[in-house]
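Notes follow once the structure below has been shown.
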Amino acid sequence: MNQTGQQWASALFKPVVLVVGSEKAQSICRKNNLDFAEMLKPFGDNLGEGDGVVRFRTPNQGLKVVRGYGVQMISSAEMEATATGRIPPLEQILINEPVERRKSDDIYELADAERFFRKNPDPTPWFTEYRLHMHRFLGFAQQEFTEQPIGMIIAVASDEDTPGKILASMGSQQNLPRPLSQGLLDSGFPCAYWVLHDRHGGVPDEQIRVTFSEVQARYGSKCTLVSINSATEDSKEELPDLWAPFLTFKQSSSDAKTPARGQFLSSGDRKLLSATVSDFIIKTLNPTLERKLGSLNQEVNAQRKGLGNTLKFMFSGKRSKSGKSSSSYDLKSLESKIRQAADYALLMQDYETAQSHYRIAKQDYAHDKKHRLMASANEMHGLCAVLSGTARGGQSYIDSAAQWYQSNADIARATRAVLWAVDAYRSQGLPNVAASLLKRASERESHRTGGSQLRAALLIEQAAYMYLRPGIAGIQVRKYAFHLIMAGHMYHKCRLHWHGVRCYRSARCVLRGKRWFHAQDHIDYDLAKHLVSLREYETALHYFASSLNFEVTPNPFVVGLSNSKDIDDHSAADEKMRLKNVKQLVKFSRVGPYQQQPRERQDIFLGELKSLVDIMKKPTNVPNLNLPVIDDSLVKVSLSSGQSLAPEIAKIAWSAILFSNIPVSNDPNITNQPLFDEAQAIQKAKAEDRHVVVGEPVQVTMIMENPLHSPLPVTKIRLLCGLSIDGGKPVESKAGVLEDDLFSMTDAKLTLAPKSRSTCTLKVVCKRKGTLYISGVEGLLFNNMRVTHRFELPPHRRIKTTTTGRKRASDQVNQSLSVQVWSAAALLRCETPDFPETMLHSEIKTGRFTLRNEGMKPVPAGTIQVKVSHPALILFTTNDGNDMFDYNLKSGLVNLPFGIGTNETVELKCWIRAATLGEQRISILARYGYKNEEDKLEYRIMQKIQLLRVKPLMMMDIYSRPSIRFSEMDSSLLMSMIQNQTAVRAKGQDISTSTSSVTIQLTQAIMISDDFVISSCHSEPSTNLHLKPVESFNLVLRVQVSDNENKVASANESDQYAKGKQFSRHIFTARNDSECKLDRALWKLLGMERVLDDVELKRKIMLNPNAYKDYDVKNGSQKTFDLMINWEQIQPAEGETKEGKLAVGYHLLRNQKCLQSLYAKNMSACPLKVMVRHPQNVTHNFSTKGRLRIPVAIRVVNRRDDIAVSFVFETLPPTQEFDSVSRSFRESRSHSMTGRYFWSGKTTQRVQKLGPNQQVELRIDAMFHAEGEYNLNRFRFSVDMPNVGIKHFFFPLQHLISVKS
């Protein structure tokens, strides 16, 4: 309804001409696919001069110029149908809506509204048609004369036998339509009598003259001979269809046998019809209408106007009557004449005269309490005010009419009045007020008796379009969308699903991308339900899928970094520039990480989708279903099976590790670093080097998320690929096929828990040379929904600095999902089938290391090189263990001498020693060669990552720096502590371990030194040690050493252990046998720790020579030794499960420094060896808990092997301190109590006759009253020395403890 109120009313309120024709006359017209009335409709429009300019003489003797004047041609059948007052079913008009009008309005923003109305002047033509019907069918009511015919055209055919009698019969009152025959309307109007002649009908001229003469003799000048159908079927004259605007919903027949409208009416026929109709209306009907209006106006003025009639009404309350009671209101009553004069003036567009007569009629109706008639007069009065240009005054009359109609339960006429008010408000630029009126009218239609639910839907839809009109509040697109949703819901209740679909689609365009997810879900769900009712299953799937769609929002910072690999200067300006340019790549997402969709609503959507898929053929392709959610920015492509490095970084990686030293530390923070900087290698890589070979798998890894509240099973997940051969168009992979002539793929299946994510890895192998394009992924949801996801990667963003210093960004095509496929090559694959995942600290195991060539080319001998990130943990030997492959101490490479043929496997034996605690990420890189098509040697690189979790078991340590007597005639005691460490976490690692007791057996103790010769080594008998958590055991060794290196020759194992040194290594075992039976490979593996220590020492000296200027690297100023303990775990700790052989290992204590002892048996030196055990760091709250008590254990050993010793242990008071000059304790000169502590418990203890090599443990408590650093050496021993007597000994070594509050 794009016309203004004036244009619409002027088009509706036109004089009516009744058109009647005999049966033969109708037959002549039907040759043109028209009846007689339809044929004349276009010729009653735009009559008079120019474009329908007609001049009328008004009752006041004025001249009225009417533009666009015309009449309405109606048939008797139309008048009979409209006179019933029953509007045709609205459903019939809406169902006949053309299919092409079912599209959405495509309004997204404010700017689209103006374009929309420019493109669609009448967006709802069905409503225009229905309003026209409403006006026609509600116009035939008592005291309403707008549908009063002002004339009549009666036609007979030229071959009629009795034309005069037929014309008289058709023009008689009893044969006229019901309103005329029953006297409701005036039948005294002028008539025109036509004789229709078909030029090609074969009627003789003589008969034509006879027929016309008979009619002319009876009706005189009112008779006209009209000859039509001059054109033939072979006529080439192309004439426009004049009847299309008048017969909008009467479609032309598509049957070839049915003629087009007006096919046989030539241009001459059309001119003749137009002239004949115009002559009748201008010369006959209009003058008659002028005279009749003048007569009625004169009579009304005489009886209702004037001062006398006004005063009479004021005093008597009654008006003059024309002789009959006003309650009858027949055609001769004065009230009927007043209303008739008003309606005729309206038809002649004399709105001033019409308003004056409507005003008088309203007073009469109000006086006689004729409320319906008063409402009708009010409606017409307001309409005349609108048409005359005073819309504001007419609004009140129309509103009053609507209220009176509503109070009389005439909902249809109340709606008609509201529509006139809507036109008035819209013409004043108040579309919001018009929309409010339409909404109230819609409510009346929905809830009042006599209303129509379908009419309510039409009205609410018109209210929606009102919000697109510019007004005081502006264009309100969101209100337009919400009212369309309500209209769609009402259409659905009326089972007009296509109209519901159209409304929902239009509203969906507005809400798309606005983050109103609740409204979007409602629209998508209702759209799908409508389409299911229409059996449009494919389209319904789309909207059900949209209600379950979830979009991800890539992090702009991550996107910016991923697209900035070519930027060298990572300045703040560059970062700001990148974020600005990638901002447009960020999509809208649901609120929060997922759509905030209630579980109940989501279950309904999912259930409906499953039910719809069950109806269709399985499996069904569900378009646009973004489940599971895949973030395209996280899709990664690995150019191999996960072991071979990508070719573009392989050369850079090998160049980096070829000239790098082996790791110089056993610290996991250093050894766990990769062998090469992968990010730097990618930065320097060239895109043209990115390729795979035929038969080499391409691995694609993606992260799939399940945003639903229920589990999401996904099966048959496979890639969507294309292969371009010789630069041609890519050949796409076949849907659901894993193996064909071009591709070999793997599939996967996942069951994603609610609100979770999982990594999915897929592989594809190309069988021919070309360019591989990875376009997306497909899978099956719930085993019957086929979903497809296409990867959309953002372009690579490059930011460069121009010559003027400004930053400029440019986009490049993202080629990260395209791979070049080269000719066949060798392809090594590494497997470690029995490599342990978890080991105990210092445990030793053996495993297999296999190399298999899965490529199409052999690997020549001598071209395989291996580098390991943890050389102290792994050693490679042949499978029988006879031959060992040495590390190159400079580069850390292992050269394998053999070659590997195609599909051949080589198995090696590897020794693994858990030398370092924590999570170890062992990296193994291998370079191997093959000959290409040109018989040139090319290399590829394979990488194997193996994770090893090393758990703590026990810790071995020397109590203090030992003093050893280098004499062949004497021996020394060496004390070490072995502690259960299962409850201790590795430094910097989160290793969850058992905190239970363990049982181990010490089977062998080996002492090794480069600086002196070990003559003998004895230990206590081997027993099973059952250690509770953090419990320790003291191992005592008596060793006899000498400085004479020529006394004992080094064993073969010592050479293996000392390889890399220029001097010999001397070892001795604590067992009775003098030969140390260790495997050669094990000696080599243990010796790698010494090699790493030497390399690290040299590196430190090179970096900081001043710190080591007094250190003699070759000879060393201090004597050192290594202590190796062979242990076996007898039974596993609680909570652990072990199968087969229990753990076996070698605990190695490296570089223990020792002093030369001056003690001798014939001297008066102290025969006691003392060790103090206590915690090193303690935290205590002194304010709440008071003083701190720490238990201290002092272990005393008799190092004499010939006599027993008696002694007294006593503590010293806190006021004394040790004097280093006199080597004794004295009274402290400081009175501060900060660093003092107190001994508590048995401060004096006596030990009698402690046997040779025996030990005793003394327990005592230290008391602290404040935080600080304390030295727990304030005690002494009084020893009963043979032949000397009592002698006092002090031990001034520091035993520090840190106390913090």
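In the structure tokens, chains take the letters A, B, ... in the order shown, each chain's residues start at 1, and ligands count up from 1 in the order shown.
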Nearby residues (only C-alpha atoms) at most 9 Å from A:Gln173, same-chain spacing under 4 positions excluded, as a VMD selection string: chain A and resid 169 177 180 to 182 187
Contacts of stretch 701-718 of chain A within 7 Å, only C-alpha atoms, excl. fewer than 3 positions in-chain, as a VMD selection string: chain A and resid 594 599 628 to 631 634 to 637 746 to 762 777 to 783
Selected residue, from A:Lys1119, A:Arg261, A:Arg1038, A:His1147, that lies nearest to A:Ser971 when counting only C-alpha atoms: A:Arg1038
Cut-off 12 Å: closest stretch 331-374 of chain A/stretch 12-29 of chain A atom pairs per residue, using only C-alpha atoms, as CSV:
```
residue,atom,partner,partner_atom,distance
A:Asp343,CA,A:Phe13,CA,9.3
A:Tyr344,CA,A:Pro15,CA,8.3
A:Ala345,CA,A:Pro15,CA,10.5
A:Leu346,CA,A:Phe13,CA,7.4
A:Leu347,CA,A:Lys14,CA,5.4
A:Met348,CA,A:Lys14,CA,7.9
A:Gln349,CA,A:Phe13,CA,8.8
A:Asp350,CA,A:Phe13,CA,12.0
A:Tyr351,CA,A:Phe13,CA,11.9
```
Put those residues in a file: all heavy atoms, as a compact mmCIF listing (two decimals), in the first residue's frame.
```txt
# COMPACT_ATOMS: atom_id res chain seq x y z
N ASP A 343 -23.06 11.42 -0.79
CA ASP A 343 -22.27 10.41 -1.50
C ASP A 343 -22.04 10.81 -2.95
O ASP A 343 -20.95 10.60 -3.50
CB ASP A 343 -22.97 9.05 -1.43
CG ASP A 343 -22.92 8.45 -0.03
OD1 ASP A 343 -22.11 8.93 0.78
OD2 ASP A 343 -23.68 7.50 0.25
N TYR A 344 -23.04 11.43 -3.61
CA TYR A 344 -22.85 11.89 -4.98
C TYR A 344 -21.79 12.99 -5.04
O TYR A 344 -20.97 13.04 -5.97
CB TYR A 344 -24.17 12.40 -5.57
CG TYR A 344 -25.13 11.29 -5.96
CD1 TYR A 344 -26.49 11.55 -6.20
CD2 TYR A 344 -24.67 9.99 -6.11
CE1 TYR A 344 -27.36 10.54 -6.56
CE2 TYR A 344 -25.54 8.97 -6.48
CZ TYR A 344 -26.87 9.24 -6.69
OH TYR A 344 -27.73 8.23 -7.04
N ALA A 345 -21.82 13.88 -4.06
CA ALA A 345 -20.80 14.93 -4.02
C ALA A 345 -19.40 14.33 -3.82
O ALA A 345 -18.41 14.80 -4.39
CB ALA A 345 -21.12 15.92 -2.91
N LEU A 346 -19.32 13.26 -3.01
CA LEU A 346 -18.03 12.58 -2.83
C LEU A 346 -17.55 11.97 -4.15
O LEU A 346 -16.37 12.07 -4.49
CB LEU A 346 -18.17 11.50 -1.75
CG LEU A 346 -16.97 10.58 -1.54
CD1 LEU A 346 -15.75 11.38 -1.06
CD2 LEU A 346 -17.29 9.49 -0.53
N LEU A 347 -18.46 11.37 -4.90
CA LEU A 347 -18.07 10.76 -6.17
C LEU A 347 -17.62 11.82 -7.17
O LEU A 347 -16.75 11.56 -8.01
CB LEU A 347 -19.23 9.96 -6.74
CG LEU A 347 -19.67 8.72 -5.93
CD1 LEU A 347 -20.89 8.08 -6.57
CD2 LEU A 347 -18.55 7.72 -5.81
N MET A 348 -18.22 13.02 -7.10
CA MET A 348 -17.84 14.10 -8.00
C MET A 348 -16.65 14.89 -7.46
O MET A 348 -16.26 15.90 -8.06
CB MET A 348 -19.04 15.04 -8.22
CG MET A 348 -20.21 14.40 -8.95
SD MET A 348 -21.64 15.49 -9.07
CE MET A 348 -20.94 16.84 -10.01
N GLN A 349 -16.08 14.43 -6.31
CA GLN A 349 -14.92 15.05 -5.67
C GLN A 349 -15.22 16.48 -5.23
O GLN A 349 -14.33 17.32 -5.14
CB GLN A 349 -13.69 15.00 -6.58
CG GLN A 349 -13.28 13.61 -6.98
CD GLN A 349 -11.99 13.55 -7.76
OE1 GLN A 349 -11.21 14.50 -7.73
NE2 GLN A 349 -11.76 12.43 -8.46
N ASP A 350 -16.51 16.77 -4.94
CA ASP A 350 -16.90 18.05 -4.35
C ASP A 350 -16.96 17.84 -2.84
O ASP A 350 -18.02 17.65 -2.24
CB ASP A 350 -18.26 18.50 -4.90
CG ASP A 350 -18.64 19.90 -4.44
OD1 ASP A 350 -17.82 20.51 -3.71
OD2 ASP A 350 -19.74 20.36 -4.79
N TYR A 351 -15.77 17.84 -2.21
CA TYR A 351 -15.66 17.42 -0.81
C TYR A 351 -16.28 18.42 0.15
O TYR A 351 -16.76 18.05 1.22
CB TYR A 351 -14.19 17.19 -0.47
CG TYR A 351 -13.53 16.16 -1.36
CD1 TYR A 351 -12.39 16.49 -2.09
CD2 TYR A 351 -14.05 14.89 -1.49
CE1 TYR A 351 -11.78 15.55 -2.91
CE2 TYR A 351 -13.47 13.96 -2.31
CZ TYR A 351 -12.32 14.29 -3.04
OH TYR A 351 -11.73 13.37 -3.85
```
Nearby residues (only C-alpha atoms) at most 9 Å from A:Cys494, same-chain spacing under 4 positions excluded, as an mmCIF file with N, CA and C atoms, in the first residue's frame:
```cif
data_model
loop_
_atom_site.group_PDB
_atom_site.id
_atom_site.type_symbol
_atom_site.label_atom_id
_atom_site.label_comp_id
_atom_site.auth_asym_id
_atom_site.auth_seq_id
_atom_site.Cartn_x
_atom_site.Cartn_y
_atom_site.Cartn_z
ATOM 1 N N GLU A 91 -8.369 -16.240 2.445
ATOM 2 C CA GLU A 91 -7.420 -17.296 2.134
ATOM 3 C C GLU A 91 -7.275 -17.488 0.633
ATOM 4 N N GLN A 453 -8.849 -13.918 12.353
ATOM 5 C CA GLN A 453 -7.461 -14.105 12.721
ATOM 6 C C GLN A 453 -6.549 -13.800 11.533
ATOM 7 N N LEU A 454 -6.994 -14.119 10.345
ATOM 8 C CA LEU A 454 -6.176 -13.869 9.165
ATOM 9 C C LEU A 454 -6.093 -12.376 8.867
ATOM 10 N N ALA A 457 -3.552 -10.935 11.069
ATOM 11 C CA ALA A 457 -2.190 -11.118 10.563
ATOM 12 C C ALA A 457 -1.858 -10.090 9.484
ATOM 13 N N HIS A 489 3.787 -15.692 12.854
ATOM 14 C CA HIS A 489 3.165 -16.633 13.795
ATOM 15 C C HIS A 489 1.665 -16.746 13.526
ATOM 16 N N MET A 490 1.014 -15.606 13.262
ATOM 17 C CA MET A 490 -0.424 -15.638 12.991
ATOM 18 C C MET A 490 -0.731 -16.359 11.684
#
```
DSSP-assigned alpha helix (DSSP H) members of stretch 354-537 of chain A, reported as JSON, numbers by chain: {"A": [354, 355, 356, 357, 358, 359, 360, 361, 362, 363, 364, 365, 366, 367, 371, 372, 373, 374, 375, 376, 377, 378, 379, 380, 381, 382, 383, 384, 385, 386, 387, 391, 392, 393, 394, 395, 396, 397, 398, 399, 400, 401, 402, 403, 404, 405, 406, 407, 411, 412, 413, 414, 415, 416, 417, 418, 419, 420, 421, 422, 423, 424, 425, 426, 427, 431, 432, 433, 434, 435, 436, 437, 438, 439, 440, 441, 442, 443, 444, 445, 446, 447, 453, 454, 455, 456, 457, 458, 459, 460, 461, 462, 463, 464, 465, 466, 477, 478, 479, 480, 481, 482, 483, 484, 485, 486, 487, 488, 489, 490, 491, 492, 493, 497, 498, 499, 500, 501, 502, 503, 504, 505, 506, 507, 508, 509, 510, 511, 517, 518, 519, 520, 521, 522, 523, 524, 525, 526, 527, 528, 529, 530, 531, 532, 533, 537]}
